[in-house]
>>> print(open('start.txt').read())   # compact mmCIF, C-alpha atoms
# COMPACT_ATOMS: atom_id res chain seq x y z
CA MET A 1 -94.98 58.61 0.19
CA ARG A 2 -92.29 56.19 -0.95
CA GLU A 3 -93.63 53.05 -2.61
CA SER A 4 -93.15 49.89 -0.56
CA ALA A 5 -91.66 46.71 -1.97
CA ALA A 6 -95.06 45.02 -1.64
CA GLU A 7 -96.70 47.73 -3.74
CA ARG A 8 -93.95 47.48 -6.36
CA HIS A 9 -94.39 43.70 -6.46
CA ASP A 10 -98.11 44.25 -7.00
CA ARG A 11 -97.45 46.53 -9.98
CA LEU A 12 -94.81 44.19 -11.41
CA LEU A 13 -97.15 41.20 -11.24
CA GLY A 14 -99.89 43.27 -12.88
CA LEU A 15 -97.64 44.21 -15.81
CA VAL A 16 -96.50 40.64 -16.40
CA ARG A 17 -100.03 39.29 -16.11
CA GLU A 18 -101.33 41.79 -18.68
CA ARG A 19 -98.55 41.08 -21.19
CA GLY A 20 -97.96 37.39 -20.56
CA SER A 21 -94.19 38.01 -20.59
CA ALA A 22 -91.81 40.97 -20.35
CA ARG A 23 -88.11 41.80 -20.38
CA VAL A 24 -86.53 42.87 -17.10
CA SER A 25 -85.23 46.07 -18.71
CA ASP A 26 -88.74 46.99 -19.91
CA LEU A 27 -90.19 46.34 -16.46
CA ALA A 28 -87.55 48.56 -14.86
CA SER A 29 -88.53 51.38 -17.19
CA GLN A 30 -92.24 50.90 -16.55
CA LEU A 31 -91.79 50.73 -12.78
CA GLY A 32 -89.32 53.61 -12.62
CA VAL A 33 -86.66 51.62 -10.76
CA SER A 34 -83.25 50.18 -11.60
CA PRO A 35 -82.83 46.84 -13.41
CA VAL A 36 -81.01 45.56 -10.31
CA THR A 37 -84.10 46.22 -8.20
CA VAL A 38 -86.35 44.48 -10.73
CA ARG A 39 -84.06 41.46 -10.94
CA ARG A 40 -84.14 41.18 -7.15
CA ASP A 41 -87.95 41.46 -7.15
CA VAL A 42 -88.25 38.89 -9.94
CA GLU A 43 -86.00 36.47 -8.07
CA GLU A 44 -88.19 36.74 -4.96
CA LEU A 45 -91.47 36.41 -6.86
CA ALA A 46 -90.18 33.51 -8.95
CA GLY A 47 -89.03 31.78 -5.78
CA ARG A 48 -92.60 31.92 -4.49
CA GLY A 49 -93.95 30.50 -7.76
CA LEU A 50 -95.69 33.72 -8.80
CA LEU A 51 -93.57 34.24 -11.95
CA ASP A 52 -91.48 32.18 -14.37
CA ARG A 53 -88.00 33.54 -15.16
CA VAL A 54 -85.98 32.75 -18.33
CA HIS A 55 -82.90 34.56 -19.75
CA GLY A 56 -83.58 38.17 -18.86
CA SER A 57 -87.35 37.86 -19.23
CA VAL A 58 -90.22 36.88 -16.98
CA SER A 59 -93.58 35.38 -17.79
CA TRP A 60 -96.83 34.53 -16.08
CA PRO A 61 -96.60 30.96 -14.75
CA GLN A 62 -97.80 28.43 -17.29
CA ASP A 63 -99.58 26.38 -14.64
CA ALA A 64 -101.58 29.46 -13.63
CA ALA A 65 -103.13 29.92 -17.06
CA PRO A 66 -106.73 28.77 -17.55
CA ALA A 67 -106.96 25.17 -18.68
CA ALA A 68 -107.93 24.48 -22.27
CA ALA A 69 -111.55 23.70 -23.03
CA GLY A 70 -112.32 20.07 -22.42
CA ALA A 71 -109.21 19.55 -20.29
CA GLY A 72 -111.12 19.56 -17.01
CA GLY A 73 -110.25 23.15 -16.11
CA THR A 74 -112.73 25.77 -14.93
CA GLY A 75 -111.37 28.76 -16.82
CA LEU A 76 -112.22 30.89 -13.77
CA VAL A 77 -110.44 34.07 -12.78
CA LEU A 78 -109.97 34.35 -9.02
CA GLY A 79 -108.88 37.51 -7.23
CA MET A 80 -106.84 37.57 -4.04
CA LEU A 81 -106.31 40.51 -1.69
CA ALA A 82 -103.47 39.97 0.81
CA PRO A 83 -101.90 42.40 3.28
CA SER A 84 -98.38 41.32 2.28
CA SER A 85 -96.60 39.12 -0.23
CA THR A 86 -93.82 38.23 2.22
CA TYR A 87 -93.33 36.45 5.55
CA TYR A 88 -96.56 34.80 6.79
CA PHE A 89 -98.71 35.49 3.72
CA ALA A 90 -96.15 34.31 1.18
CA GLU A 91 -97.12 30.72 2.00
CA VAL A 92 -100.85 31.53 2.01
CA ILE A 93 -100.46 33.00 -1.49
CA ARG A 94 -98.45 30.00 -2.64
CA GLY A 95 -101.14 27.58 -1.44
CA ALA A 96 -103.85 29.60 -3.21
CA HIS A 97 -101.81 29.77 -6.40
CA GLU A 98 -101.21 26.03 -6.44
CA ALA A 99 -104.87 25.22 -5.80
CA ALA A 100 -106.01 27.63 -8.51
CA ALA A 101 -103.63 26.04 -11.00
CA ARG A 102 -104.94 22.56 -10.17
CA ALA A 103 -108.49 23.80 -10.76
CA GLY A 104 -107.53 25.31 -14.11
CA ALA A 105 -108.24 28.79 -12.73
CA ARG A 106 -106.12 31.93 -12.92
CA LEU A 107 -105.24 33.75 -9.69
CA ILE A 108 -104.65 37.50 -9.76
CA LEU A 109 -103.19 39.27 -6.75
CA ARG A 110 -103.36 42.67 -5.07
CA ILE A 111 -101.35 43.66 -1.98
CA SER A 112 -102.57 46.22 0.57
CA ASP A 113 -99.29 46.47 2.55
CA TYR A 114 -101.34 46.47 5.79
CA ARG A 115 -103.18 49.65 4.82
CA PRO A 116 -106.80 48.70 5.48
CA GLN A 117 -108.04 52.02 4.13
CA GLU A 118 -106.83 50.85 0.68
CA ASP A 119 -108.41 47.37 0.78
CA HIS A 120 -111.65 48.43 -0.91
CA ALA A 121 -109.97 50.17 -3.85
CA ARG A 122 -107.58 47.27 -4.42
CA THR A 123 -110.46 44.80 -4.36
CA GLU A 124 -112.33 46.92 -6.92
CA GLY A 125 -109.20 46.61 -9.04
CA LEU A 126 -109.46 42.83 -8.84
CA LEU A 127 -113.08 42.97 -9.96
CA SER A 128 -112.18 45.30 -12.82
CA ALA A 129 -109.50 42.82 -13.88
CA GLY A 130 -112.19 40.15 -14.26
CA ALA A 131 -112.21 38.33 -10.91
CA GLU A 132 -115.30 36.12 -10.64
CA GLY A 133 -114.65 35.21 -6.99
CA LEU A 134 -112.50 36.70 -4.27
CA LEU A 135 -110.12 35.54 -1.53
CA VAL A 136 -109.86 38.42 0.94
CA ALA A 137 -107.40 38.89 3.80
CA PRO A 138 -107.97 42.50 4.88
CA GLY A 139 -105.00 44.49 6.13
CA TRP A 140 -106.48 44.91 9.60
CA GLN A 141 -103.98 45.58 12.38
CA HIS A 142 -106.03 46.98 15.26
CA PRO A 143 -109.23 45.81 17.00
CA GLY A 144 -111.25 48.71 15.56
CA ASP A 145 -110.20 48.11 11.95
CA PRO A 146 -112.94 45.59 11.01
CA ALA A 147 -115.65 48.09 11.95
CA ALA A 148 -113.83 51.03 10.38
CA PHE A 149 -112.63 49.38 7.18
CA GLY A 150 -114.58 46.13 6.68
CA GLY A 151 -118.22 46.99 6.04
CA TRP A 152 -117.88 46.89 2.27
CA ILE A 153 -116.75 43.24 2.19
CA ALA A 154 -120.20 41.81 2.97
CA SER A 155 -121.72 43.59 -0.05
CA LEU A 156 -119.22 42.41 -2.67
CA PRO A 157 -121.00 41.29 -5.86
CA VAL A 158 -119.13 37.98 -6.22
CA PRO A 159 -118.58 34.98 -3.91
CA THR A 160 -115.98 35.83 -1.28
CA VAL A 161 -113.90 33.77 1.15
CA LEU A 162 -112.12 35.41 4.09
CA LEU A 163 -108.62 34.18 4.91
CA GLU A 164 -107.08 34.25 8.41
CA ARG A 165 -109.65 36.73 9.65
CA ARG A 166 -112.37 36.14 12.28
CA PRO A 167 -115.05 38.85 12.28
CA SER A 168 -117.16 39.50 15.35
CA ALA A 169 -119.90 36.95 15.94
CA GLY A 170 -123.18 38.12 14.45
CA SER A 171 -121.60 40.76 12.22
CA PRO A 172 -122.37 40.79 8.46
CA LEU A 173 -118.88 39.43 7.75
CA ASP A 174 -119.51 36.48 10.05
CA GLY A 175 -121.90 35.14 7.41
CA LEU A 176 -119.18 34.78 4.78
CA ASP A 177 -117.19 31.64 4.01
CA ARG A 178 -113.82 31.72 5.76
CA VAL A 179 -110.72 29.63 6.34
CA CYS A 180 -108.56 30.35 9.40
CA SER A 181 -105.79 28.92 11.54
CA ASP A 182 -106.81 28.12 15.11
CA HIS A 183 -104.16 30.20 16.86
CA ALA A 184 -105.66 29.49 20.29
CA HIS A 185 -104.98 25.80 19.68
CA GLY A 186 -101.42 26.62 18.60
CA VAL A 187 -100.76 28.58 21.78
CA LEU A 188 -102.21 25.76 23.88
CA LEU A 189 -99.81 23.30 22.21
CA ALA A 190 -96.88 25.53 23.13
CA VAL A 191 -97.91 26.19 26.73
CA ARG A 192 -98.76 22.53 27.40
CA HIS A 193 -95.44 21.40 25.93
CA LEU A 194 -93.47 23.71 28.22
CA VAL A 195 -95.49 22.65 31.26
CA ASP A 196 -94.96 18.98 30.39
CA LEU A 197 -91.21 19.67 30.39
CA GLY A 198 -91.50 20.74 34.02
CA HIS A 199 -91.80 24.52 33.69
CA GLY A 200 -94.42 26.67 35.32
CA ALA A 201 -96.64 28.95 33.27
CA PRO A 202 -94.50 30.53 30.56
CA LEU A 203 -94.25 34.23 29.95
CA LEU A 204 -95.71 35.65 26.76
CA MET A 205 -93.84 38.26 24.74
CA ALA A 206 -96.02 39.32 21.82
CA ARG A 207 -96.80 42.01 19.33
CA ALA A 208 -100.20 43.65 19.07
CA ASP A 209 -100.12 44.83 15.46
CA SER A 210 -101.97 42.11 13.55
CA PRO A 211 -104.95 39.74 13.88
CA THR A 212 -102.51 36.89 14.50
CA ALA A 213 -100.86 38.80 17.35
CA VAL A 214 -104.23 39.56 18.93
CA ALA A 215 -105.26 35.90 18.57
CA VAL A 216 -102.02 34.73 20.20
CA ARG A 217 -102.62 37.03 23.15
CA SER A 218 -106.20 35.86 23.67
CA GLY A 219 -105.14 32.26 23.09
CA TYR A 220 -102.56 32.62 25.86
CA GLU A 221 -105.26 33.58 28.36
CA GLU A 222 -107.40 30.64 27.23
CA ALA A 223 -104.51 28.18 27.46
CA LEU A 224 -103.67 29.21 31.01
CA ALA A 225 -107.32 28.84 31.99
CA VAL A 226 -107.56 25.38 30.40
CA LEU A 227 -104.43 24.21 32.22
CA GLY A 228 -105.36 25.83 35.52
CA LEU A 229 -102.37 28.19 35.48
CA ARG A 230 -101.80 31.84 36.29
CA ALA A 231 -99.59 34.12 34.23
CA PRO A 232 -96.28 34.74 36.06
CA GLN A 233 -96.57 38.43 35.15
CA ASP A 234 -98.20 40.69 32.56
CA VAL A 235 -97.60 40.06 28.86
CA ILE A 236 -94.40 41.74 27.66
CA ASP A 237 -95.26 43.98 24.71
CA SER A 238 -92.98 43.27 21.75
CA VAL A 239 -92.09 45.62 18.91
CA PRO A 240 -89.83 45.21 15.85
CA ALA A 241 -86.26 45.97 16.84
CA GLU A 242 -85.56 47.85 13.62
CA LEU A 243 -88.55 50.17 14.07
CA ALA A 244 -88.35 50.86 17.81
CA PRO A 245 -84.95 49.79 19.17
CA ASP A 246 -85.44 51.41 22.57
CA ALA A 247 -88.80 49.72 23.13
CA PHE A 248 -87.36 46.41 21.93
CA GLU A 249 -84.48 46.73 24.40
CA GLN A 250 -86.94 47.49 27.19
CA ALA A 251 -88.88 44.31 26.37
CA VAL A 252 -85.72 42.19 26.34
CA GLN A 253 -84.62 43.65 29.66
CA ALA A 254 -88.04 42.83 31.14
CA LEU A 255 -87.67 39.23 30.00
CA ARG A 256 -84.11 39.04 31.33
CA GLU A 257 -85.23 40.31 34.72
CA ALA A 258 -88.05 37.75 34.84
CA VAL A 259 -85.53 34.97 34.22
CA ARG A 260 -82.94 36.29 36.65
CA SER A 261 -85.50 36.75 39.43
CA GLY A 262 -86.96 33.27 38.96
CA VAL A 263 -90.38 34.56 37.88
CA ALA A 264 -90.32 32.34 34.80
CA THR A 265 -88.13 29.68 33.20
CA ALA A 266 -89.99 29.51 29.88
CA ALA A 267 -91.42 31.92 27.31
CA LEU A 268 -93.53 32.00 24.17
CA ILE A 269 -92.60 34.77 21.72
CA HIS A 270 -94.59 36.04 18.75
CA ASN A 271 -93.11 36.18 16.15
CA ASP A 272 -90.07 34.27 14.77
CA VAL A 273 -88.04 37.31 13.79
CA ASP A 274 -88.54 38.90 17.20
CA ALA A 275 -87.70 35.60 18.90
CA ILE A 276 -84.40 35.24 17.04
CA GLN A 277 -83.40 38.81 17.90
CA VAL A 278 -84.45 38.32 21.53
CA VAL A 279 -82.31 35.19 21.83
CA GLN A 280 -79.32 37.03 20.38
CA ARG A 281 -79.71 39.95 22.77
CA LEU A 282 -80.32 37.70 25.79
CA ALA A 283 -77.07 35.87 25.05
CA GLU A 284 -75.24 39.22 25.18
CA LEU A 285 -76.88 39.82 28.56
CA GLY A 286 -75.82 36.43 29.93
CA VAL A 287 -79.12 34.55 29.55
CA ARG A 288 -78.76 31.35 27.54
CA VAL A 289 -81.46 29.52 25.58
CA PRO A 290 -82.37 26.80 26.47
CA ASP A 291 -80.11 26.49 29.54
CA ASP A 292 -81.57 29.49 31.39
CA LEU A 293 -84.78 29.94 29.41
CA ALA A 294 -86.85 27.45 27.43
CA LEU A 295 -88.32 29.27 24.45
CA ILE A 296 -90.94 28.65 21.79
CA ALA A 297 -91.57 30.98 18.85
CA TYR A 298 -94.84 31.51 17.01
CA ASP A 299 -95.20 31.45 13.17
CA ASP A 300 -92.32 29.11 12.15
CA GLU A 301 -91.21 31.15 9.17
CA VAL A 302 -87.50 31.37 10.01
CA ALA A 303 -87.34 29.75 13.46
CA ALA A 304 -85.35 26.74 12.24
CA LEU A 305 -82.59 29.04 10.95
CA ALA A 306 -81.62 30.52 14.34
CA ASP A 307 -78.20 29.69 15.81
CA THR A 308 -80.11 27.60 18.32
CA PRO A 309 -82.98 26.29 16.18
CA LEU A 310 -86.20 27.44 17.77
CA THR A 311 -89.10 25.21 18.67
CA ALA A 312 -92.06 26.89 17.01
CA VAL A 313 -95.80 26.79 16.49
CA ALA A 314 -96.47 26.46 12.76
CA PRO A 315 -99.87 27.67 11.53
CA PRO A 316 -100.91 25.78 8.36
CA LYS A 317 -100.41 28.79 6.10
CA ARG A 318 -100.17 27.07 2.73
CA GLU A 319 -103.14 24.87 3.57
CA VAL A 320 -105.19 27.96 4.45
CA GLY A 321 -104.60 29.30 0.93
CA ARG A 322 -105.28 25.92 -0.64
CA HIS A 323 -108.50 25.18 1.22
CA ALA A 324 -109.81 28.72 0.74
CA THR A 325 -109.26 28.51 -3.01
CA GLU A 326 -110.90 25.09 -3.23
CA LEU A 327 -113.84 26.41 -1.21
CA LEU A 328 -114.17 29.41 -3.51
CA VAL A 329 -114.08 27.28 -6.67
CA GLU A 330 -116.70 24.98 -5.15
CA ARG A 331 -118.84 27.97 -4.16
CA LEU A 332 -118.70 29.34 -7.71
CA GLY A 333 -119.89 25.98 -9.01
CA GLN A 334 -122.68 25.48 -6.46
CA GLY A 335 -124.34 28.87 -6.36
CA ALA A 336 -125.36 31.12 -3.49
CA ASP A 337 -128.00 28.92 -1.83
CA THR A 338 -125.70 26.32 -0.29
CA PRO A 339 -124.69 26.79 3.37
CA ARG A 340 -121.67 28.93 4.15
CA ARG A 341 -118.71 27.29 5.85
CA HIS A 342 -116.18 28.28 8.51
CA LEU A 343 -113.15 26.03 8.19
CA THR A 344 -110.60 26.05 11.01
CA LEU A 345 -107.19 24.43 10.56
CA LEU A 346 -104.96 23.41 13.47
CA PRO A 347 -101.33 24.55 13.82
CA GLN A 348 -98.55 22.10 14.65
CA LEU A 349 -95.73 22.29 17.18
CA ARG A 350 -92.30 21.68 15.67
CA VAL A 351 -89.86 20.74 18.43
CA ARG A 352 -86.26 21.88 18.05
CA ASN A 353 -83.44 22.82 20.44
CA SER A 354 -84.67 26.00 22.10
CA CYS A 355 -87.00 24.43 24.63
CA GLY A 356 -84.49 21.86 25.84
CA ALA A 357 -86.75 18.94 24.93
CA PRO A 358 -85.61 15.69 23.29
CA LEU A 359 -86.00 16.06 19.52
CA SER A 360 -88.67 13.94 17.91
>>> encode(input="start.txt", output="structure tokens")
Amino acid sequence: MRESAAERHDRLLGLVRERGSARVSDLASQLGVSPVTVRRDVEELAGRGLLDRVHGSVSWPQDAAPAAAGAGGTGLVLGMLAPSSTYYFAEVIRGAHEAAARAGARLILRISDYRPQEDHARTEGLLSAGAEGLLVAPGWQHPGDPAAFGGWIASLPVPTVLLERRPSAGSPLDGLDRVCSDHAHGVLLAVRHLVDLGHGAPLLMARADSPTAVAVRSGYEEALAVLGLRAPQDVIDSVPAELAPDAFEQAVQALREAVRSGVATAALIHNDVDAIQVVQRLAELGVRVPDDLALIAYDDEVAALADTPLTAVAPPKREVGRHATELLVERLGQGADTPRRHLTLLPQLRVRNSCGAPLS
């Protein structure tokens, strides 16, 4: 199977961390790819603060090295398992990296590329690399994944904090420390905002391939119940346009028909990338945002960059990484007998042009 960019980034970071610094040409040879590919990878990783880049070489960030003795640093090595190093989790990683640096700890990273069957082995790699505590965001995508691929997490031999994952109540994983975004609150902000603008219950177009997508769907049902509303029609299943163009077109046509028939005048779409592509395709079909359809996106990664900047729900991604790292460092200092904590952070609604509301 061809190696993904996330897996290559994982190997590149591992090589630089082991050596302290390396030339781009040497990394290309070690990774078995072209220097152009490595330079592109280095540019992306340096932009996220995971590497320092100087004159054809890269080095492990100076602020990520353990603090000198007596300088107030902990000298800890923290391991982080993330399902991706891009899009949503790039900011989570950045927040964790910054918090580790402030604590004088070193953060080491492994990426699962949303392959939950590989989470355990990659976490063992973190432990072998010296991790004394772990930040774990399993690569779960489907409702059955926690049961199928999560049992090992509760028996890890070091303190562990879950990120952006909510295990079933009463399960062994429910007893771990965790830091999560309250996606139900984020959806409620979006639905209430559209209703306050004079729209009826908005339609939901959403994916179903990640814990965030599942939480958005359940949050939509909760928001309608809280506001005493009924869904105008069933949720429109969304898929990435580049992976399933026919299914994507079918979803856009369903949304267009709902607008044309007067079923709905507003929609919430998860995620940003899908929302931008939906707006583009709707325009080709004669449906204008926000004139014909008020629209809010969920994630706020690239929503502001759309031709018509999209109002979006912004989960506190960087703060999730920061608070989780601070909690882990505190846990390592306190010991195992102190109470576990479940920290929930609230998303914000960032109002732009796509919902037709006055800008704040």
>>> closest_atom_pairs(input="start.txt", of="segment 86-139 of chain A", to="segment 324-340 of chain A", cutoff="7 Å", atoms="all atoms listed in the file", output="CSV")
residue,atom,partner,partner_atom,distance
A:Ala96,CA,A:Thr325,CA,5.5
A:Ala99,CA,A:Thr325,CA,6.2
A:Ala100,CA,A:Thr325,CA,6.4
A:Gly133,CA,A:Leu328,CA,6.8
>>> atom_distance(input="start.txt", atom1="atom CA of Val320 of chain A", atom2="atom CA of Ala275 of chain A")
23.9 Å
>>> closest_residue(input="start.txt", among="A:Gly56, A:Gly32, A:Pro315, A:Pro232", to="Ala184 of chain A", atoms="all atoms listed in the file")
A:Pro315
>>> closest_residue(input="start.txt", among="A:Arg11, A:Glu222, A:Pro245, A:Trp60", to="Arg122 of chain A", atoms="only C-alpha atoms")
A:Arg11
>>> closest_atom_pairs(input="start.txt", of="segment 186-233 of chain A", to="segment 262-272 of chain A", cutoff="6 Å", atoms="all atoms listed in the file", output="CSV")
residue,atom,partner,partner_atom,distance
A:Pro202,CA,A:Ala266,CA,4.7
A:Leu203,CA,A:Ala267,CA,4.5
A:Leu204,CA,A:Leu268,CA,5.0
A:Met205,CA,A:Ile269,CA,4.8
A:Ala206,CA,A:His270,CA,4.7
>>> residues_near_point(input="start.txt", point="(-76.2, 26.6, 21.0)", cutoff="9 Å", atoms="all atoms listed in the file", output="ChimeraX atom specification")
/A:288-290,307-309,353-354
>>> atom_distance(input="start.txt", atom1="atom CA of Pro83 of chain A", atom2="atom CA of His9 of chain A")
12.4 Å
>>> residues_around(input="start.txt", residues="Gly20 of chain A", least_positions_apart="3", cutoff="12 Å", atoms="only C-alpha atoms", output="list in words")
Leu12, Leu13, Gly14, Leu15, Val16, Arg17, Arg23, Leu51, Asp52, Arg53, Ser57, Val58, Ser59, Trp60, Pro61, Gln62, Ala64 and Ala65 of chain A
>>> write_last_selection(input="start.txt", atoms="C-alpha atoms", output="compact mmCIF listing (two decimals), in the coordinates of the input")
# COMPACT_ATOMS: atom_id res chain seq x y z
CA LEU A 12 -94.81 44.19 -11.41
CA LEU A 13 -97.15 41.20 -11.24
CA GLY A 14 -99.89 43.27 -12.88
CA LEU A 15 -97.64 44.21 -15.81
CA VAL A 16 -96.50 40.64 -16.40
CA ARG A 17 -100.03 39.29 -16.11
CA ARG A 23 -88.11 41.80 -20.38
CA LEU A 51 -93.57 34.24 -11.95
CA ASP A 52 -91.48 32.18 -14.37
CA ARG A 53 -88.00 33.54 -15.16
CA SER A 57 -87.35 37.86 -19.23
CA VAL A 58 -90.22 36.88 -16.98
CA SER A 59 -93.58 35.38 -17.79
CA TRP A 60 -96.83 34.53 -16.08
CA PRO A 61 -96.60 30.96 -14.75
CA GLN A 62 -97.80 28.43 -17.29
CA ALA A 64 -101.58 29.46 -13.63
CA ALA A 65 -103.13 29.92 -17.06
>>> residues_around(input="start.txt", residues="Ala223 of chain A", least_positions_apart="2", cutoff="10 Å", atoms="all atoms listed in the file", output="ChimeraX atom specification")
/A:184-192,201,218-221,225-230
>>> atom_distance(input="start.txt", atom1="atom CA of Asp234 of chain A", atom2="atom CA of Val216 of chain A")
14.2 Å
>>> closest_residue(input="start.txt", among="A:Ala283, A:Val259, A:Leu135, A:Leu349", to="Ala297 of chain A", atoms="only C-alpha atoms")
A:Leu349
>>> closest_residue(input="start.txt", among="A:Val33, A:Ala90, A:Ala101, A:Ile111", to="Leu76 of chain A", atoms="all atoms listed in the file")
A:Ala101
